[in-house]
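Dumped coords-v6.txt below, it's compact mmCIF, C-alpha atoms and all ligand atoms:
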```txt
# COMPACT_ATOMS: atom_id res chain seq x y z
CA MET O 6 -32.05 13.95 12.67
CA ASP O 7 -30.45 11.21 10.63
CA ARG O 8 -33.81 10.21 9.14
CA MET O 9 -34.49 13.79 8.11
CA THR O 10 -31.29 14.07 6.12
CA ARG O 11 -32.03 10.76 4.45
CA ILE O 12 -35.42 11.97 3.29
CA THR O 13 -34.06 15.27 1.98
CA ARG O 14 -31.06 13.72 0.27
CA PRO O 15 -31.08 14.52 -3.46
CA ALA O 16 -32.01 11.55 -5.62
CA SER O 17 -29.24 12.47 -8.05
CA ALA O 18 -26.49 11.93 -5.46
CA ARG O 19 -23.37 10.77 -7.21
CA LYS O 20 -21.87 7.38 -6.38
CA VAL O 21 -18.08 7.32 -6.11
CA GLN O 22 -16.19 4.03 -6.23
CA PHE O 23 -13.24 3.49 -3.91
CA VAL O 24 -11.20 2.08 -6.81
CA ASP O 25 -12.52 2.05 -10.38
CA LEU O 26 -10.84 -0.71 -12.37
CA GLN O 27 -13.47 -0.44 -15.09
CA ARG O 28 -12.43 3.08 -16.06
CA GLN O 29 -8.76 2.08 -15.99
CA HIS O 30 -9.41 -0.93 -18.18
CA ASP O 31 -11.45 1.13 -20.64
CA GLU O 32 -8.39 3.32 -21.21
CA VAL O 33 -6.05 0.44 -22.11
CA ARG O 34 -8.48 -2.25 -23.28
CA VAL O 35 -7.24 -2.49 -26.88
CA ASP O 36 -3.56 -2.82 -25.92
CA ILE O 37 -4.36 -5.34 -23.20
CA ASP O 38 -6.45 -7.50 -25.52
CA GLU O 39 -3.55 -7.52 -27.94
CA ALA O 40 -1.02 -8.36 -25.21
CA ILE O 41 -3.10 -11.29 -23.98
CA ALA O 42 -3.60 -12.60 -27.51
CA GLY O 43 0.16 -12.36 -28.06
CA VAL O 44 0.88 -14.65 -25.11
CA ILE O 45 -1.74 -17.16 -26.18
CA ASN O 46 -0.48 -17.19 -29.75
CA SER O 47 3.09 -17.76 -28.54
CA ASN O 48 2.09 -20.53 -26.10
CA GLY O 49 4.70 -19.13 -23.70
CA TYR O 50 2.62 -19.25 -20.53
CA VAL O 51 5.25 -19.77 -17.84
CA LEU O 52 8.25 -17.46 -17.52
CA GLY O 53 9.59 -17.00 -21.05
CA LYS O 54 9.65 -13.88 -23.18
CA GLU O 55 6.96 -11.66 -21.66
CA VAL O 56 8.07 -12.24 -18.07
CA GLY O 57 11.70 -11.58 -19.03
CA ALA O 58 10.76 -8.41 -20.88
CA PHE O 59 8.65 -7.10 -18.01
CA GLU O 60 11.43 -7.89 -15.52
CA GLU O 61 13.89 -5.90 -17.61
CA GLU O 62 11.54 -2.94 -18.00
CA PHE O 63 10.52 -2.83 -14.35
CA ALA O 64 14.15 -3.10 -13.16
CA GLU O 65 15.01 -0.17 -15.40
CA PHE O 66 12.01 1.77 -14.08
CA CYS O 67 13.10 1.18 -10.47
CA GLY O 68 16.78 1.85 -11.20
CA THR O 69 17.92 -1.64 -10.18
CA LYS O 70 20.01 -4.29 -11.89
CA HIS O 71 17.46 -7.09 -11.43
CA CYS O 72 13.74 -7.73 -11.19
CA ILE O 73 12.38 -11.18 -10.36
CA GLY O 74 8.69 -11.73 -11.04
CA VAL O 75 6.84 -13.84 -8.47
CA GLY O 76 3.28 -14.88 -7.69
CA SER O 77 2.27 -12.11 -5.25
CA GLY O 78 3.50 -9.32 -3.01
CA LEU O 79 3.41 -11.69 -0.05
CA ASP O 80 5.66 -14.13 -1.89
CA ALA O 81 7.98 -11.27 -2.92
CA LEU O 82 8.54 -10.54 0.78
CA THR O 83 8.67 -14.17 1.91
CA LEU O 84 11.12 -15.30 -0.77
CA THR O 85 13.37 -12.29 -0.15
CA LEU O 86 13.58 -13.25 3.53
CA ARG O 87 14.44 -16.81 2.47
CA ALA O 88 17.03 -15.52 0.00
CA LEU O 89 18.69 -13.77 2.95
CA ASP O 90 18.59 -17.01 5.01
CA ILE O 91 16.31 -15.44 7.60
CA GLY O 92 14.33 -18.05 9.51
CA PRO O 93 13.56 -19.60 12.92
CA GLY O 94 15.19 -17.77 15.83
CA ASP O 95 15.56 -14.53 13.87
CA GLU O 96 13.71 -11.28 14.46
CA VAL O 97 12.53 -8.88 11.76
CA ILE O 98 11.35 -5.33 12.51
CA LEU O 99 8.31 -3.84 10.76
CA PRO O 100 5.63 -1.22 11.44
CA ALA O 101 2.49 -2.23 13.36
CA ASN O 102 0.36 -0.14 10.99
CA THR O 103 0.59 -2.07 7.74
CA PHE O 104 -1.27 -4.65 5.69
CA VAL O 105 -0.98 -8.02 7.40
CA ALA O 106 1.14 -9.50 4.56
CA THR O 107 4.25 -7.66 5.78
CA ALA O 108 4.06 -9.63 9.03
CA LEU O 109 2.86 -12.87 7.42
CA ALA O 110 6.04 -13.06 5.32
CA VAL O 111 8.14 -13.01 8.50
CA THR O 112 5.92 -15.60 10.15
CA GLN O 113 6.02 -17.80 7.07
CA VAL O 114 9.82 -18.18 7.20
CA GLY O 115 9.60 -19.00 10.92
CA ALA O 116 11.08 -15.72 12.15
CA THR O 117 9.43 -13.34 14.65
CA PRO O 118 7.89 -10.00 13.61
CA VAL O 119 8.86 -7.15 15.97
CA LEU O 120 6.44 -4.25 15.67
CA VAL O 121 7.38 -0.58 15.85
CA ASP O 122 5.18 2.51 16.12
CA HIS O 123 4.55 4.95 13.26
CA ASP O 124 5.60 8.55 12.80
CA PRO O 125 2.64 10.72 13.91
CA GLN O 126 2.62 12.73 10.66
CA THR O 127 3.37 10.26 7.87
CA TYR O 128 2.01 7.04 9.47
CA ASN O 129 5.22 5.34 8.31
CA LEU O 130 7.66 3.44 10.53
CA ASP O 131 9.26 5.99 12.87
CA PRO O 132 13.06 5.75 12.48
CA ARG O 133 13.46 7.20 15.99
CA ARG O 134 11.91 4.02 17.39
CA LEU O 135 14.06 1.59 15.47
CA THR O 136 17.17 1.26 17.65
CA ALA O 137 15.15 0.37 20.76
CA ALA O 138 13.62 -2.59 18.88
CA ILE O 139 16.95 -4.13 17.85
CA THR O 140 18.25 -7.16 19.75
CA ARG O 141 21.10 -9.56 18.99
CA LEU O 142 18.55 -11.72 17.13
CA THR O 143 17.46 -8.96 14.71
CA ARG O 144 18.38 -9.71 11.10
CA ALA O 145 16.36 -7.30 8.97
CA VAL O 146 13.96 -4.38 8.92
CA ILE O 147 11.01 -4.09 6.52
CA PRO O 148 10.06 -0.42 6.16
CA VAL O 149 6.71 -0.04 4.39
CA HIS O 150 6.07 2.90 2.04
CA LEU O 151 2.55 3.06 3.38
CA TYR O 152 -0.30 4.69 1.44
CA GLY O 153 2.18 5.55 -1.34
CA GLN O 154 4.47 7.85 0.65
CA PRO O 155 8.15 6.81 0.88
CA VAL O 156 9.30 6.08 4.41
CA ASP O 157 12.22 8.22 5.67
CA LEU O 158 14.78 5.64 4.61
CA ASP O 159 18.15 7.37 5.16
CA PRO O 160 18.13 7.21 8.97
CA ILE O 161 16.87 3.63 8.76
CA GLN O 162 19.75 2.66 6.45
CA VAL O 163 22.28 4.22 8.83
CA ILE O 164 20.94 2.26 11.81
CA ALA O 165 20.66 -0.92 9.74
CA GLU O 166 24.27 -0.63 8.63
CA GLU O 167 25.47 -0.06 12.20
CA HIS O 168 23.74 -3.26 13.31
CA GLY O 169 24.34 -5.36 10.20
CA LEU O 170 20.64 -5.59 9.28
CA ALA O 171 19.22 -6.11 5.81
CA VAL O 172 16.72 -3.51 4.58
CA ILE O 173 13.80 -4.97 2.62
CA GLU O 174 11.44 -2.29 1.35
CA ASP O 175 7.77 -3.19 1.25
CA ALA O 176 6.95 -1.08 -1.81
CA CYS O 177 3.59 -2.77 -2.46
CA GLN O 178 1.77 0.59 -2.22
CA ALA O 179 4.45 2.81 -3.74
CA HIS O 180 5.10 1.92 -7.40
CA GLY O 181 6.90 4.90 -8.88
CA ALA O 182 7.20 7.00 -5.70
CA LEU O 183 10.45 8.95 -5.28
CA TYR O 184 12.56 9.35 -2.15
CA LYS O 185 15.19 12.06 -2.67
CA GLY O 186 14.82 11.59 -6.40
CA GLU O 187 15.10 7.80 -6.46
CA ARG O 188 12.41 5.19 -6.96
CA CYS O 189 11.07 3.25 -4.00
CA GLY O 190 12.05 -0.41 -4.14
CA GLY O 191 15.52 0.38 -5.46
CA LEU O 192 16.81 1.95 -2.25
CA GLY O 193 17.34 -0.95 0.15
CA ASP O 194 18.92 -4.38 -0.30
CA ALA O 195 15.73 -5.44 -2.06
CA GLY O 196 12.25 -4.06 -2.69
CA ALA O 197 9.01 -6.07 -2.80
CA PHE O 198 6.09 -5.15 -5.05
CA SER O 199 2.55 -6.46 -5.39
CA PHE O 200 0.58 -6.21 -8.63
CA TYR O 201 -2.77 -6.98 -7.00
CA PRO O 202 -5.38 -5.32 -9.27
CA GLY O 203 -6.05 -2.31 -7.03
CA LYS O 204 -2.40 -1.30 -6.59
CA ASN O 205 -0.92 1.68 -8.47
CA LEU O 206 0.49 -0.84 -10.97
CA GLY O 207 -2.02 -3.69 -10.97
CA ALA O 208 -2.40 -6.86 -13.03
CA CYS O 209 -5.67 -8.59 -13.93
CA GLY O 210 -5.08 -11.06 -11.12
CA ASP O 211 -2.32 -11.73 -8.61
CA GLY O 212 1.32 -10.96 -9.24
CA GLY O 213 4.43 -9.60 -7.54
CA ALA O 214 8.11 -8.86 -8.01
CA VAL O 215 11.34 -8.21 -6.16
CA VAL O 216 13.80 -5.62 -7.42
CA THR O 217 17.44 -5.62 -6.30
CA SER O 218 20.91 -4.75 -7.50
CA ASP O 219 22.45 -7.57 -5.46
CA ASP O 220 23.43 -10.44 -7.81
CA ARG O 221 23.35 -13.04 -5.03
CA ILE O 222 19.85 -12.13 -3.84
CA ALA O 223 18.63 -12.10 -7.46
CA GLU O 224 20.05 -15.49 -8.31
CA ARG O 225 18.70 -17.04 -5.14
CA LEU O 226 15.23 -15.62 -5.85
CA ARG O 227 15.21 -16.99 -9.41
CA ARG O 228 15.92 -20.38 -7.95
CA LEU O 229 13.52 -20.20 -5.01
CA ARG O 230 10.53 -19.16 -7.12
CA ASN O 231 11.08 -22.10 -9.49
CA TYR O 232 11.24 -25.26 -7.29
CA GLY O 233 14.77 -24.38 -6.13
CA SER O 234 16.04 -25.01 -9.63
CA ILE O 235 17.94 -23.08 -12.29
CA VAL O 236 18.81 -26.06 -14.46
CA LYS O 237 15.69 -28.11 -15.17
CA TYR O 238 15.31 -31.18 -12.92
CA HIS O 239 18.31 -30.16 -10.80
CA HIS O 240 17.20 -28.82 -7.43
CA GLU O 241 19.69 -26.96 -5.25
CA GLU O 242 17.20 -26.35 -2.45
CA CYS O 243 13.54 -26.76 -1.52
CA GLY O 244 11.98 -23.90 -3.44
CA VAL O 245 8.36 -23.13 -4.28
CA ASN O 246 6.27 -22.51 -7.38
CA SER O 247 5.71 -18.75 -7.34
CA ARG O 248 6.27 -17.21 -10.75
CA LEU O 249 4.78 -14.09 -12.26
CA ASP O 250 2.25 -15.36 -14.80
CA ALA O 251 3.15 -14.58 -18.43
CA ILE O 252 -0.29 -13.14 -19.27
CA GLN O 253 -0.05 -10.87 -16.23
CA ALA O 254 3.46 -9.82 -17.26
CA ALA O 255 2.20 -8.88 -20.74
CA ILE O 256 -0.62 -6.83 -19.16
CA LEU O 257 1.80 -5.17 -16.74
CA ARG O 258 4.08 -4.15 -19.62
CA VAL O 259 1.16 -2.22 -21.12
CA LYS O 260 0.19 -0.59 -17.82
CA LEU O 261 3.77 0.28 -16.83
CA ARG O 262 3.81 2.76 -19.71
CA HIS O 263 0.91 4.61 -18.03
CA LEU O 264 2.11 4.42 -14.44
CA ASP O 265 3.77 7.84 -14.07
CA LYS O 266 0.80 9.54 -15.74
CA TRP O 267 -1.66 7.67 -13.50
CA ASN O 268 0.36 8.60 -10.41
CA GLU O 269 0.23 12.25 -11.47
CA ALA O 270 -3.56 11.97 -11.83
CA ARG O 271 -3.70 10.62 -8.26
CA GLN O 272 -1.60 13.60 -7.11
CA ARG O 273 -3.96 16.04 -8.83
CA ALA O 274 -6.93 14.34 -7.19
CA ALA O 275 -5.15 14.64 -3.84
CA ASP O 276 -4.55 18.37 -4.42
CA ARG O 277 -8.24 18.89 -5.17
CA TYR O 278 -9.20 17.00 -1.99
CA ARG O 279 -6.76 19.13 0.02
CA ALA O 280 -8.15 22.40 -1.29
CA GLY O 281 -11.76 21.32 -0.75
CA LEU O 282 -11.28 19.84 2.72
CA ALA O 283 -8.84 22.42 4.11
CA ASP O 284 -11.28 24.16 6.47
CA LEU O 285 -12.76 21.07 8.09
CA PRO O 286 -11.73 19.67 11.48
CA ILE O 287 -9.96 16.64 9.99
CA VAL O 288 -6.28 15.86 9.54
CA LEU O 289 -5.16 15.75 5.89
CA PRO O 290 -2.22 13.63 4.68
CA HIS O 291 1.17 15.20 5.34
CA VAL O 292 3.70 14.93 2.53
CA ALA O 293 7.32 15.22 3.63
CA GLU O 294 9.45 17.60 1.54
CA ASP O 295 12.08 15.31 0.09
CA ARG O 296 9.74 12.76 -1.49
CA THR O 297 6.76 12.31 -3.79
CA HIS O 298 3.55 10.71 -2.55
CA VAL O 299 1.86 8.50 -5.17
CA HIS O 300 -1.37 8.35 -3.14
CA HIS O 301 -2.16 4.68 -3.34
CA LEU O 302 -4.59 5.80 -0.65
CA PHE O 303 -5.79 9.24 0.48
CA VAL O 304 -6.00 8.82 4.24
CA ILE O 305 -7.55 11.45 6.51
CA ARG O 306 -8.00 11.36 10.26
CA SER O 307 -11.26 12.15 12.04
CA LYS O 308 -12.44 12.02 15.65
CA HIS O 309 -15.81 10.89 14.29
CA ARG O 310 -14.41 8.31 11.89
CA ASP O 311 -17.02 5.58 12.20
CA ARG O 312 -19.97 7.96 11.85
CA LEU O 313 -18.32 9.73 8.93
CA LEU O 314 -17.66 6.41 7.19
CA ASN O 315 -21.30 5.34 7.59
CA TYR O 316 -22.51 8.73 6.41
CA LEU O 317 -20.43 8.48 3.22
CA VAL O 318 -21.22 4.85 2.45
CA ASP O 319 -24.95 5.58 2.95
CA ARG O 320 -24.61 8.14 0.17
CA GLY O 321 -22.83 5.80 -2.22
CA ILE O 322 -19.38 7.24 -1.50
CA TYR O 323 -17.19 4.26 -0.85
CA ALA O 324 -14.57 5.13 1.72
CA GLY O 325 -12.58 2.50 3.64
CA ILE O 326 -10.22 1.98 6.60
CA HIS O 327 -6.54 1.12 6.29
CA TYR O 328 -6.13 -0.50 8.70
CA PRO O 329 -8.80 -0.93 11.38
CA VAL O 330 -6.84 -3.53 13.39
CA PRO O 331 -3.05 -3.24 13.90
CA ILE O 332 -1.03 -6.45 13.51
CA HIS O 333 -0.62 -7.14 17.27
CA HIS O 334 -4.41 -7.02 17.79
CA GLN O 335 -5.14 -9.51 15.00
CA PRO O 336 -6.34 -12.93 16.20
CA ALA O 337 -3.65 -14.42 13.94
CA TYR O 338 -1.06 -12.82 16.21
CA ALA O 339 -2.79 -13.37 19.54
CA GLY O 340 -0.65 -16.35 20.44
CA GLY O 341 2.55 -14.48 21.25
CA ASN O 342 3.94 -15.03 17.76
CA CYS O 343 4.84 -11.38 17.31
CA MET O 344 6.61 -8.93 19.59
CA VAL O 345 6.16 -5.31 20.54
CA SER O 346 9.30 -3.59 21.70
CA ALA O 347 7.69 -0.46 23.17
CA PRO O 348 4.14 0.87 23.58
CA LEU O 349 2.60 1.61 20.17
CA ASN O 350 0.87 4.82 21.23
CA CYS O 351 0.54 6.40 17.79
CA THR O 352 -0.76 3.17 16.25
CA GLU O 353 -3.25 2.61 19.08
CA SER O 354 -4.73 6.09 18.74
CA SER O 355 -4.69 6.41 14.93
CA CYS O 356 -6.34 3.09 14.11
CA GLY O 357 -9.68 4.37 15.41
CA GLU O 358 -9.45 7.60 13.38
CA LEU O 359 -7.99 6.74 9.97
CA LEU O 360 -10.30 6.96 6.97
CA SER O 361 -9.39 6.41 3.30
CA LEU O 362 -11.41 8.47 0.83
CA PRO O 363 -11.99 7.16 -2.72
CA MET O 364 -8.70 7.35 -4.65
CA HIS O 365 -7.75 6.18 -8.12
CA PRO O 366 -6.34 7.84 -11.24
CA HIS O 367 -9.68 8.01 -13.02
CA LEU O 368 -11.59 10.08 -10.46
CA THR O 369 -13.22 13.06 -12.17
CA GLY O 370 -13.47 16.54 -10.72
CA GLU O 371 -17.21 15.89 -10.15
CA ASP O 372 -16.40 12.68 -8.24
CA ILE O 373 -13.97 14.49 -5.96
CA ASP O 374 -16.33 17.42 -5.43
CA ALA O 375 -19.13 15.01 -4.49
CA VAL O 376 -16.87 13.46 -1.83
CA ILE O 377 -15.83 16.89 -0.56
CA ALA O 378 -19.47 18.03 -0.43
CA ALA O 379 -20.52 14.95 1.52
CA VAL O 380 -17.68 15.29 4.04
CA GLY O 381 -18.65 18.97 4.42
CA GLU O 382 -22.36 18.15 4.95
CA PHE O 383 -21.40 15.62 7.61
CA HIS O 384 -19.55 18.33 9.51
CA ASP O 385 -22.45 20.78 9.08
CA GLN O 386 -24.69 18.17 10.63
CA LEU O 387 -22.22 17.63 13.47
CA SER O 388 -22.08 21.32 14.33
CA SER O 389 -25.86 21.69 14.21
CA GLU O 390 -26.08 18.75 16.63
CA HIS O 391 -23.64 20.52 18.93
CA ILE O 392 -25.72 23.71 18.83
CA GLU O 393 -28.89 21.71 19.46
CA ALA O 394 -27.25 19.92 22.40
CA ALA O 395 -26.10 23.25 23.84
CA VAL O 396 -29.60 24.76 23.47
CA THR O 397 -31.20 21.70 25.08
CA SER O 398 -28.82 21.76 28.04
CA THR O 399 -29.39 25.53 28.54
CA ALA O 400 -33.17 24.97 28.42
CA ALA O 401 -32.82 22.07 30.88
CA SER O 402 -30.80 24.13 33.34
CA ARG O 403 -33.42 26.97 33.11
CA GLY O 404 -36.30 24.53 33.54
C1 LIG O 501 -0.84 -5.45 -1.07
C2 LIG O 501 0.23 -5.46 -0.04
C3 LIG O 501 1.01 -6.59 0.22
C4 LIG O 501 0.72 -7.94 -0.34
O1 LIG O 501 0.58 -8.06 -1.69
P1 LIG O 501 -0.26 -9.29 -2.32
O2 LIG O 501 0.11 -9.23 -3.77
O3 LIG O 501 -1.69 -9.00 -2.07
O4 LIG O 501 0.19 -10.55 -1.67
C5 LIG O 501 2.04 -6.47 1.12
N1 LIG O 501 2.29 -5.31 1.75
C6 LIG O 501 1.55 -4.22 1.56
C7 LIG O 501 1.88 -2.96 2.29
C8 LIG O 501 0.48 -4.26 0.67
O5 LIG O 501 -0.28 -3.16 0.50
```

Since I need it in another form, could you write the structure as structure tokens?
Ligand SMILES: *Cc1c(COP(=O)(O)O)cnc(C)c1O
Amino acid sequence: MDRMTRITRPASARKVQFVDLQRQHDEVRVDIDEAIAGVINSNGYVLGKEVGAFEEEFAEFCGTKHCIGVGSGLDALTLTLRALDIGPGDEVILPANTFVATALAVTQVGATPVLVDHDPQTYNLDPRRLTAAITRLTRAVIPVHLYGQPVDLDPIQVIAEEHGLAVIEDACQAHGALYKGERCGGLGDAGAFSFYPGKNLGACGDGGAVVTSDDRIAERLRRLRNYGSIVKYHHEECGVNSRLDAIQAAILRVKLRHLDKWNEARQRAADRYRAGLADLPIVLPHVAEDRTHVHHLFVIRSKHRDRLLNYLVDRGIYAGIHYPVPIHHQPAYAGGNCMVSAPLNCTESSCGELLSLPMHPHLTGEDIDAVIAAVGEFHDQLSSEHIEAAVTSTAASRG
């Protein structure tokens, strides 16, 4: 059966990239070349004018008083935990279904990640499971705006306030997303961003930032990222070297001007997927009413996930899985260095079914239709297999 479809597959089948940085770069190439040349001509490679200007612009974009550029999203999370004096003996709550960096930040400061299950519809940390995970050692919660959809933050803030916990948003997949009209990252005590190239706002290399309106957190972060020093050669504490690179900052300033437009293009792509996939036996992403989804990823759910993934990749349609292995099943966390407060039933069942279809702002209508057609053909093949199996079993019972 599978060989047959391979032979009859049209030679003109369209390849669709999961993320297409080439098309993005083509759109802004001239401005980026100019921005890079500007940094080189100024010789201001570390911190300095471009980093300061980006920090100001991104803080304004997020609606916060401060933005502190750092080396990566992981460092944004780690240094924020350090700025809050969270360390050995402390517990920090986060969702089990996230990129490993959310947990690594907690581990890196010597605290213990405590994993909570996700909401069955949004795949984000389920606020109803939060209270049960809190102990007298809990210091903070890191809700993740996973796939680009804001987590339901209000109930989390209420619980956090009751228990004196800090709220650190992991906004690494949600640049520009709105929760009740306000930007993700600016809602909690601090918000961590990554500018890894494939993110909604991506640099041409690694980069990250923390946004906050808390003066104390901001000042501490400025010190921690720069060897624990504000005044040169005077070191208040043992900091690190994790600064947003000036060339990356100059590039990010160019791309920030396109971010809302690119997010809208992702939303239009998502709408086209929804319309084209509506009749198939798969679960489409659910968008809660009081927020915008910036579709860092377009994640569907299928009972035949692995076969569907292979079918698509065989046809040059590059889908992916986010994430195949939850944190507590990672070998890195096999040694009892993370905790699970209650059974993670939703996480355990979804991780075998989640599938991310190609998603980026430069997908064309033809790209999306090719993905829709391939997902449809897969399901046609599945139902013809079912009919064949039924016919065979009827024949067998007659024979
Ligand atoms: C990308 C990402 C990070 C880490 O960012 P880096 O810049 O790659 O270190 C953290 N959390 C989430 C949810 C991410 O998607």

List as a PDB file with C-alpha atoms, keeping the file's coordinate frame the protein and nucleic acid residues lying within 7 Å of ligand LIG 501 (chain O), with all atoms listed in the file counted.
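Final file, pocket-v3.pdb:
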```pdb
ATOM      1  CA  SER O  77       2.270 -12.110  -5.250  1.00  0.00           C
ATOM      2  CA  GLY O  78       3.500  -9.320  -3.010  1.00  0.00           C
ATOM      3  CA  LEU O  79       3.410 -11.690  -0.050  1.00  0.00           C
ATOM      4  CA  ASP O  80       5.660 -14.130  -1.890  1.00  0.00           C
ATOM      5  CA  THR O 103       0.590  -2.070   7.740  1.00  0.00           C
ATOM      6  CA  PHE O 104      -1.270  -4.650   5.690  1.00  0.00           C
ATOM      7  CA  ALA O 106       1.140  -9.500   4.560  1.00  0.00           C
ATOM      8  CA  THR O 107       4.250  -7.660   5.780  1.00  0.00           C
ATOM      9  CA  VAL O 149       6.710  -0.040   4.390  1.00  0.00           C
ATOM     10  CA  LEU O 151       2.550   3.060   3.380  1.00  0.00           C
ATOM     11  CA  ASP O 175       7.770  -3.190   1.250  1.00  0.00           C
ATOM     12  CA  ALA O 176       6.950  -1.080  -1.810  1.00  0.00           C
ATOM     13  CA  CYS O 177       3.590  -2.770  -2.460  1.00  0.00           C
ATOM     14  CA  GLN O 178       1.770   0.590  -2.220  1.00  0.00           C
ATOM     15  CA  SER O 199       2.550  -6.460  -5.390  1.00  0.00           C
ATOM     16  CA  PHE O 200       0.580  -6.210  -8.630  1.00  0.00           C
ATOM     17  CA  TYR O 201      -2.770  -6.980  -7.000  1.00  0.00           C
ATOM     18  CA  ASP O 211      -2.320 -11.730  -8.610  1.00  0.00           C
ATOM     19  CA  GLY O 212       1.320 -10.960  -9.240  1.00  0.00           C
ATOM     20  CA  GLY O 213       4.430  -9.600  -7.540  1.00  0.00           C
TER      21      GLY O 213
END
```

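When all atoms listed in the file are used to measure the gap to Thr127 of chain O, the shortest distance among O:Gly190, O:Gly370, O:Pro290, O:Gly153 belongs to O:Pro290.
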
So the first atom is atom CA of Ala293 of chain O and the second is atom CA of His150 of chain O; what is the distance between them in Å, to one decimal place?
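Going from atom CA of Ala293 of chain O over to atom CA of His150 of chain O covers 12.5 Å.
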
Residue with smallest distance to Thr83 of chain O - pool O:Ala179, O:Ile147, O:Pro363, O:Ile322, counting all atoms listed in the file:
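Of O:Ala179, O:Ile147, O:Pro363, O:Ile322, the one nearest Thr83 of chain O, counting all atoms listed in the file, is O:Ile147.
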
Atom CA of Val236 of chain O and atom CA of Tyr50 of chain O, how far apart in Å?
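These atoms are spaced 18.6 Å apart.
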
Skip segment 340-347 of chain O itself and residues of its chain fewer than 5 positions away, then list as a PDB file with C-alpha atoms, keeping the file's coordinate frame all residues within 8 Å of it, counting all atoms listed in the file.
```pdb
ATOM      1  CA  THR O 112       5.920 -15.600  10.150  1.00  0.00           C
ATOM      2  CA  THR O 117       9.430 -13.340  14.650  1.00  0.00           C
ATOM      3  CA  PRO O 118       7.890 -10.000  13.610  1.00  0.00           C
ATOM      4  CA  VAL O 119       8.860  -7.150  15.970  1.00  0.00           C
ATOM      5  CA  LEU O 120       6.440  -4.250  15.670  1.00  0.00           C
ATOM      6  CA  VAL O 121       7.380  -0.580  15.850  1.00  0.00           C
ATOM      7  CA  ALA O 137      15.150   0.370  20.760  1.00  0.00           C
ATOM      8  CA  ALA O 138      13.620  -2.590  18.880  1.00  0.00           C
ATOM      9  CA  HIS O 333      -0.620  -7.140  17.270  1.00  0.00           C
TER      10      HIS O 333
END
```
